[in-house]
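Okay, input33.csv is below, CSV, C-alpha atoms:
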chain,number,residue,atom,x,y,z
T,55,MET,CA,-12.6,135.3,56.1
T,56,LYS,CA,-14.8,137.9,57.7
T,57,LEU,CA,-13.5,140.6,60.0
T,58,ASN,CA,-15.9,142.1,62.6
T,59,VAL,CA,-14.2,145.4,63.4
T,60,SER,CA,-15.4,147.4,66.4
T,61,TYR,CA,-14.5,150.9,67.5
T,62,PRO,CA,-15.3,151.1,71.2
T,63,ALA,CA,-14.7,154.9,71.5
T,64,HIS,CA,-17.7,155.6,69.2
T,65,GLY,CA,-19.7,152.4,70.0
T,66,THR,CA,-19.7,151.3,66.4
T,67,GLN,CA,-18.9,148.1,64.5
T,68,LYS,CA,-18.7,146.9,60.9
T,69,LEU,CA,-18.3,143.6,59.1
T,70,PHE,CA,-15.7,143.3,56.3
T,71,ASP,CA,-15.6,140.3,54.0
T,72,ILE,CA,-12.1,139.6,52.7
T,73,ASP,CA,-11.8,136.9,50.0
T,74,ASP,CA,-8.1,137.1,49.4
T,75,GLU,CA,-6.4,134.7,51.9
T,76,ARG,CA,-3.0,136.4,51.5
T,77,ARG,CA,-4.4,139.6,53.1
T,78,VAL,CA,-5.5,137.9,56.3
T,79,ARG,CA,-2.4,135.8,56.6
T,80,VAL,CA,-1.0,138.4,59.0
T,81,LEU,CA,-3.6,137.3,61.5
T,82,TYR,CA,-2.5,133.6,61.4
T,83,ASP,CA,-0.7,132.2,64.5
T,84,LYS,CA,-1.7,135.3,66.5
T,85,ARG,CA,-3.4,134.9,69.8
T,86,MET,CA,-6.4,136.7,71.3
T,87,THR,CA,-5.5,140.1,72.8
T,88,GLN,CA,-2.4,140.4,70.5
T,89,GLU,CA,-2.2,143.5,68.3
T,90,VAL,CA,-2.0,143.5,64.5
T,91,VAL,CA,-1.1,146.3,62.1
T,92,GLY,CA,-3.8,146.9,59.6
T,93,ASP,CA,-1.6,148.0,56.6
T,94,SER,CA,-1.2,144.5,55.2
T,95,ILE,CA,-4.9,143.6,55.5
T,96,SER,CA,-6.2,146.5,53.4
T,97,ASP,CA,-5.3,149.9,52.1
T,98,GLU,CA,-8.3,151.5,53.9
T,99,PHE,CA,-6.8,150.2,57.2
T,100,LYS,CA,-3.5,152.0,56.7
T,101,GLY,CA,-2.0,153.3,60.0
T,102,TYR,CA,-4.6,151.4,62.0
T,103,VAL,CA,-3.7,149.0,64.8
T,104,PHE,CA,-6.2,146.3,65.8
T,105,ARG,CA,-6.5,144.0,68.8
T,106,ILE,CA,-7.8,140.4,68.3
T,107,THR,CA,-10.8,140.0,70.7
T,108,GLY,CA,-12.2,136.7,69.5
T,109,GLY,CA,-13.9,134.9,66.7
T,110,ASN,CA,-15.6,131.7,65.4
T,111,ASP,CA,-14.4,128.9,63.2
T,112,LYS,CA,-16.3,127.6,60.1
T,113,GLN,CA,-18.5,125.3,62.2
T,114,GLY,CA,-19.5,128.2,64.5
T,115,PHE,CA,-17.5,127.3,67.6
T,116,PRO,CA,-16.2,130.3,69.6
T,117,MET,CA,-12.6,131.0,70.5
T,118,LYS,CA,-11.8,130.7,74.2
T,119,GLN,CA,-9.1,132.7,75.9
T,120,GLY,CA,-6.4,130.6,77.6
T,121,VAL,CA,-6.7,127.6,75.3
T,122,LEU,CA,-3.3,127.9,73.5
T,123,LEU,CA,-4.2,125.7,70.4
T,124,PRO,CA,-5.0,126.5,66.8
T,125,HIS,CA,-7.9,123.9,66.7
T,126,ARG,CA,-11.0,122.7,68.6
T,127,VAL,CA,-10.9,120.9,71.9
T,128,ARG,CA,-13.5,119.5,74.2
T,129,LEU,CA,-13.3,121.0,77.7
T,130,LEU,CA,-15.3,120.3,80.9
T,131,LEU,CA,-16.8,123.7,81.7
T,132,SER,CA,-18.6,125.0,84.8
T,133,LYS,CA,-20.1,128.2,86.1
T,134,GLY,CA,-17.8,131.2,85.6
T,135,HIS,CA,-16.2,129.8,82.4
T,136,SER,CA,-16.6,131.6,79.1
T,137,CYS,CA,-18.5,129.9,76.2
T,138,TYR,CA,-20.8,128.1,78.7
T,139,ARG,CA,-24.0,129.0,80.6
T,140,PRO,CA,-25.1,126.5,83.3
T,141,ARG,CA,-28.8,125.7,83.4
T,142,ARG,CA,-28.8,124.2,86.9
T,143,ALA,CA,-26.8,124.9,90.1
T,144,GLY,CA,-23.5,123.0,90.1
T,145,GLU,CA,-23.9,121.8,86.6
T,146,ARG,CA,-20.8,121.0,84.5
T,147,LYS,CA,-20.7,120.1,80.8
T,148,ARG,CA,-18.1,119.0,78.3
T,149,LYS,CA,-18.3,121.4,75.3
T,150,SER,CA,-16.3,122.0,72.1
T,151,VAL,CA,-14.4,125.3,72.0
T,152,ARG,CA,-11.9,126.7,69.5
T,153,GLY,CA,-8.4,127.5,70.8
T,154,CYS,CA,-7.3,131.2,71.0
T,155,ILE,CA,-4.7,131.0,68.2
T,156,VAL,CA,-6.0,132.3,64.8
T,157,GLY,CA,-5.7,129.9,61.8
T,158,PRO,CA,-7.1,129.3,58.3
T,159,ASP,CA,-10.1,127.4,59.7
T,160,MET,CA,-11.6,130.7,61.1
T,161,SER,CA,-14.8,132.0,59.6
T,162,VAL,CA,-15.0,135.3,61.6
T,163,VAL,CA,-12.3,137.1,63.6
T,164,SER,CA,-13.3,140.0,65.9
T,165,LEU,CA,-11.0,143.0,66.0
T,166,ALA,CA,-11.1,146.2,68.0
T,167,ILE,CA,-9.4,149.4,66.9
T,168,VAL,CA,-6.6,150.4,69.3
T,169,LYS,CA,-5.1,153.2,67.2
T,170,ARG,CA,-6.7,155.2,64.5
T,171,GLY,CA,-5.0,155.5,61.1
T,172,GLU,CA,-4.8,158.3,58.5
T,173,ALA,CA,-8.2,158.0,56.8
T,174,GLU,CA,-11.7,157.5,58.1
T,175,ILE,CA,-13.4,154.2,57.7
T,176,PRO,CA,-16.9,154.9,56.4
T,177,GLY,CA,-19.6,153.5,58.7
T,178,LEU,CA,-17.1,152.9,61.5
T,179,THR,CA,-15.0,155.8,62.6
T,180,ASP,CA,-17.0,158.6,60.9
T,181,VAL,CA,-20.2,157.9,62.9
T,182,SER,CA,-20.9,157.8,66.7
T,183,VAL,CA,-23.6,155.8,68.4
T,184,PRO,CA,-24.4,157.5,71.8
T,185,LYS,CA,-24.8,155.3,74.9
T,186,ARG,CA,-28.5,154.5,75.4
T,187,LEU,CA,-28.2,154.5,79.2
T,188,GLY,CA,-26.1,156.7,81.6
T,189,PRO,CA,-24.4,155.5,84.8
T,190,LYS,CA,-26.5,154.3,87.7
T,191,ARG,CA,-24.0,154.1,90.6
T,192,ALA,CA,-23.4,157.3,92.6
T,193,SER,CA,-19.6,157.2,92.4
T,194,LYS,CA,-19.7,156.6,88.6
T,195,ILE,CA,-22.1,159.6,88.1
T,196,ARG,CA,-19.6,161.7,90.2
T,197,LYS,CA,-16.7,160.5,88.0
T,198,LEU,CA,-18.6,161.3,84.8
T,199,PHE,CA,-19.5,164.9,85.7
T,200,ASN,CA,-16.4,165.5,87.9
T,201,LEU,CA,-18.5,166.2,91.0
T,202,THR,CA,-17.5,166.5,94.6
T,203,LYS,CA,-19.1,164.7,97.6
T,204,GLU,CA,-21.0,167.8,98.5
T,205,ASP,CA,-22.9,167.9,95.1
T,206,ASP,CA,-26.3,166.3,94.8
T,207,VAL,CA,-25.9,163.3,92.5
T,208,ARG,CA,-29.6,163.0,91.8
T,209,LYS,CA,-29.6,166.3,89.8
T,210,TYR,CA,-27.1,164.8,87.4
T,211,VAL,CA,-28.9,161.5,86.5
T,212,ILE,CA,-29.2,161.1,82.8
T,213,ARG,CA,-32.8,160.9,81.8
T,214,ARG,CA,-34.0,159.4,78.5
T,215,GLU,CA,-37.2,160.2,76.6
T,216,VAL,CA,-39.6,157.4,76.0
T,217,LYS,CA,-42.5,157.3,73.6
T,218,SER,CA,-45.6,155.1,74.1
T,219,LYS,CA,-45.7,152.2,71.6
T,220,LYS,CA,-49.4,151.6,72.2
T,221,ASN,CA,-50.4,155.2,71.7
T,222,PRO,CA,-48.1,157.1,69.3
T,223,ASP,CA,-50.0,160.4,69.8
T,224,ALA,CA,-49.4,160.3,73.5
T,225,LYS,CA,-47.0,162.9,75.1
T,226,PRO,CA,-43.5,161.4,75.5
T,227,TYR,CA,-42.2,161.0,79.1
T,228,THR,CA,-38.7,160.6,80.6
T,229,LYS,CA,-37.2,157.7,82.5
T,230,ALA,CA,-34.2,157.7,84.9
T,231,PRO,CA,-32.4,155.0,86.9
T,232,LYS,CA,-32.7,154.8,90.7
T,233,VAL,CA,-29.3,156.0,92.0
T,234,GLN,CA,-27.5,153.1,93.7
T,235,ARG,CA,-25.0,153.4,96.7
T,236,LEU,CA,-26.4,156.9,97.4
T,237,VAL,CA,-25.4,158.2,100.9
T,238,THR,CA,-28.3,160.1,102.4
T,239,PRO,CA,-29.2,161.2,106.0
T,240,VAL,CA,-31.6,158.2,106.2
T,241,THR,CA,-28.9,155.7,105.2
T,242,LEU,CA,-26.5,157.2,107.8
T,243,GLN,CA,-29.2,157.1,110.4
T,244,ARG,CA,-29.9,153.4,109.6
T,245,LYS,CA,-26.1,152.7,109.8
T,246,ARG,CA,-25.9,154.4,113.3
T,247,ALA,CA,-29.0,152.5,114.5
T,248,LYS,CA,-27.5,149.2,113.3
T,249,LEU,CA,-24.2,149.9,115.0
T,250,ALA,CA,-26.0,151.0,118.2
T,251,ALA,CA,-28.1,147.7,118.2
T,252,LYS,CA,-24.8,145.7,117.7
T,253,LYS,CA,-23.2,147.4,120.7
T,254,GLU,CA,-26.4,146.9,122.8
T,255,ARG,CA,-26.4,143.2,121.9
T,256,TYR,CA,-22.7,142.9,122.8
T,257,ALA,CA,-23.2,144.7,126.2
T,258,LYS,CA,-26.3,142.5,126.9
T,259,SER,CA,-24.5,139.2,126.1
T,260,LYS,CA,-21.5,140.3,128.2
T,261,ALA,CA,-23.7,141.1,131.2
T,262,ALA,CA,-25.5,137.8,130.8
T,263,ALA,CA,-22.2,135.9,130.6
T,264,GLU,CA,-21.0,137.7,133.8
T,265,GLU,CA,-24.3,136.9,135.6
T,266,TYR,CA,-24.0,133.3,134.5
T,267,ALA,CA,-20.4,133.1,135.7
T,268,THR,CA,-21.4,134.5,139.1
T,269,LEU,CA,-24.3,132.0,139.4
T,270,VAL,CA,-22.0,129.1,138.5
T,271,LYS,CA,-19.4,130.3,141.1
T,272,GLN,CA,-22.2,130.5,143.7
T,273,ARG,CA,-23.6,127.0,142.9
T,274,VAL,CA,-20.0,125.5,143.0
T,275,ALA,CA,-19.4,127.2,146.4
T,276,GLU,CA,-22.8,125.9,147.7
T,277,ALA,CA,-22.0,122.4,146.5
T,278,ARG,CA,-18.6,122.5,148.1
T,279,GLU,CA,-20.1,123.6,151.5
T,280,LYS,CA,-22.7,120.9,151.3
T,281,LYS,CA,-20.1,118.3,150.6
T,282,ALA,CA,-17.9,119.5,153.4
T,283,ALA,CA,-20.9,119.5,155.8
T,284,ALA,CA,-21.8,115.9,154.8
T,285,LYS,CA,-18.2,114.8,155.3
T,286,LYS,CA,-18.2,116.4,158.8
T,287,ALA,CA,-21.4,114.8,159.8
T,288,ARG,CA,-20.1,111.3,158.8
T,289,THR,CA,-16.9,111.7,160.9
T,290,HIS,CA,-18.9,112.5,164.0

Spell out the structure here as structure tokens.
Amino acid sequence: MKLNVSYPAHGTQKLFDIDDERRVRVLYDKRMTQEVVGDSISDEFKGYVFRITGGNDKQGFPMKQGVLLPHRVRLLLSKGHSCYRPRRAGERKRKSVRGCIVGPDMSVVSLAIVKRGEAEIPGLTDVSVPKRLGPKRASKIRKLFNLTKEDDVRKYVIRREVKSKKNPDAKPYTKAPKVQRLVTPVTLQRKRAKLAAKKERYAKSKAAAEEYATLVKQRVAEAREKKAAAKKARTH
């Protein structure tokens, strides 16, 4: 069985091939999201605690969270379900998925490090892969740099250097994301204008309704007078 171990804190992952079945027996009958102590798997994992995040069986079918079985089943999947990507609007499809309980038929099991152990794992915990892109949303940039609402978020956007692939000798340039949900004087002005237009529409429709009600009342009164006059004329 292969173990695909990831370390989210450093953004790294490494594949371990374990031939001895007795060492991976600790994973059997464990469900996805359950935690496993790494001491029994290998000496290099001493003190480590892993969380089971997924896996594939020997035929390549992925584990699906919520299917409490140690084997494959065929489920009718639709938009929003894991292990399925609809090609058309409203499409549903019956697909084979592996249950979320680990068994001996597994080919790869994905694990995430929850707690670090005594020793470093080479290529996993001793290296760090920096994030390629920084946050794009204004509130997330504020959270990252611990800013207040008075600070200008646009000055703290993380820029990345880009080199031209067509012309390697060209001077490198920087790219930065457009900040989303940024509150500026223009957005506040638009909000005020939208609110004012809404109030104006409400006042206009109210005035029109009152005018219509007055007109209906007048027409009803005229019709009543006409009817009374006709009745009076018939009696004489």

*asked:* Can you pull out the residues contacting segment 175-179 of chain T? Cut-off 10 Å, using only C-alpha atoms, and skip same-chain residues under 2 positions away; I want them as an MDAnalysis selection string.
replied: chainID T and resid 59:69 98:99 167 170:173 181:183

_Computed interatomic separation between atom CA of Tyr266 of chain T and atom CA of Lys252 of chain T (Å)_ =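 About the pair atom CA of Tyr266 of chain T and atom CA of Lys252 of chain T: they are 20.9 Å apart.
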
*asked:* My list of candidates is T:Pro226, T:Gly134, T:Pro239, T:Gly114. Which is closest to Val163 of chain T when distances are computed with all atoms listed in the file?
replied: T:Gly114

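The coordinates place atom CA of Pro231 of chain T at 13.3 Å from atom CA of Val216 of chain T.
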
_I'd like the interatomic distance between atom CA of Met55 of chain T and atom CA of Phe115 of chain T, to a tenth of an Å._
14.8 Å

*asked:* Restricting the calculation to only C-alpha atoms: of T:Leu131, T:Val162, T:Val103, T:Ala267, which residue gets closest to Arg148 of chain T?
replied: T:Leu131

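Within 10 Å of Gln113 of chain T, once all atoms listed in the file are used and residues closer than 6 positions along the same chain are dropped, the contacting residues are Arg152, Asp159, Met160 and Ser161 of chain T.
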
Name the residues in contact with Arg126 of chain T at a cut-off of 12 Å, using all atoms listed in the file, excluding same-chain residues fewer than 2 positions from it; report them as a tab-separated table (two decimals) with C-alpha atoms, in the coordinates of the input.
chain	number	residue	atom	x	y	z
T	110	ASN	CA	-15.60	131.70	65.40
T	111	ASP	CA	-14.40	128.90	63.20
T	112	LYS	CA	-16.30	127.60	60.10
T	113	GLN	CA	-18.50	125.30	62.20
T	114	GLY	CA	-19.50	128.20	64.50
T	115	PHE	CA	-17.50	127.30	67.60
T	116	PRO	CA	-16.20	130.30	69.60
T	117	MET	CA	-12.60	131.00	70.50
T	118	LYS	CA	-11.80	130.70	74.20
T	121	VAL	CA	-6.70	127.60	75.30
T	122	LEU	CA	-3.30	127.90	73.50
T	123	LEU	CA	-4.20	125.70	70.40
T	124	PRO	CA	-5.00	126.50	66.80
T	128	ARG	CA	-13.50	119.50	74.20
T	129	LEU	CA	-13.30	121.00	77.70
T	149	LYS	CA	-18.30	121.40	75.30
T	150	SER	CA	-16.30	122.00	72.10
T	151	VAL	CA	-14.40	125.30	72.00
T	152	ARG	CA	-11.90	126.70	69.50
T	153	GLY	CA	-8.40	127.50	70.80
T	154	CYS	CA	-7.30	131.20	71.00
T	155	ILE	CA	-4.70	131.00	68.20
T	156	VAL	CA	-6.00	132.30	64.80
T	157	GLY	CA	-5.70	129.90	61.80
T	159	ASP	CA	-10.10	127.40	59.70
T	160	MET	CA	-11.60	130.70	61.10

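Distance check against Arg105 of chain T using only C-alpha atoms: of T:Val233, T:Ala257, T:Val211, T:Val91, the minimum falls on T:Val91.
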
*Looking at only C-alpha atoms, which of T:Leu187, T:Ala262, T:Ala230, T:Leu165 is the one that sits closest to Val90 of chain T?*
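Comparing T:Leu187, T:Ala262, T:Ala230, T:Leu165 against Val90 of chain T, the winner is T:Leu165.
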
_Among listed residues T:Arg214, T:Lys209, T:Lys219, T:Arg196, nearest Pro184 of chain T (using all atoms listed in the file)_ =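 For Pro184 of chain T, the nearest of the given residues is T:Arg214.
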
*Using only C-alpha atoms, find all polymer residues with an atom at most 9 Å away from the point (-12.1, 136.0, 73.7); report them as a ChimeraX atom specification.*
/T:86-87,106-109,116-120,136,154,164

Kindly save the residues from that selection, with C-alpha atoms included, as a PDB file, in the coordinates of the input.
ATOM      1  CA  MET T  86      -6.400 136.700  71.300  1.00  0.00           C
ATOM      2  CA  THR T  87      -5.500 140.100  72.800  1.00  0.00           C
ATOM      3  CA  ILE T 106      -7.800 140.400  68.300  1.00  0.00           C
ATOM      4  CA  THR T 107     -10.800 140.000  70.700  1.00  0.00           C
ATOM      5  CA  GLY T 108     -12.200 136.700  69.500  1.00  0.00           C
ATOM      6  CA  GLY T 109     -13.900 134.900  66.700  1.00  0.00           C
ATOM      7  CA  PRO T 116     -16.200 130.300  69.600  1.00  0.00           C
ATOM      8  CA  MET T 117     -12.600 131.000  70.500  1.00  0.00           C
ATOM      9  CA  LYS T 118     -11.800 130.700  74.200  1.00  0.00           C
ATOM     10  CA  GLN T 119      -9.100 132.700  75.900  1.00  0.00           C
ATOM     11  CA  GLY T 120      -6.400 130.600  77.600  1.00  0.00           C
ATOM     12  CA  SER T 136     -16.600 131.600  79.100  1.00  0.00           C
ATOM     13  CA  CYS T 154      -7.300 131.200  71.000  1.00  0.00           C
ATOM     14  CA  SER T 164     -13.300 140.000  65.900  1.00  0.00           C
TER      15      SER T 164
END
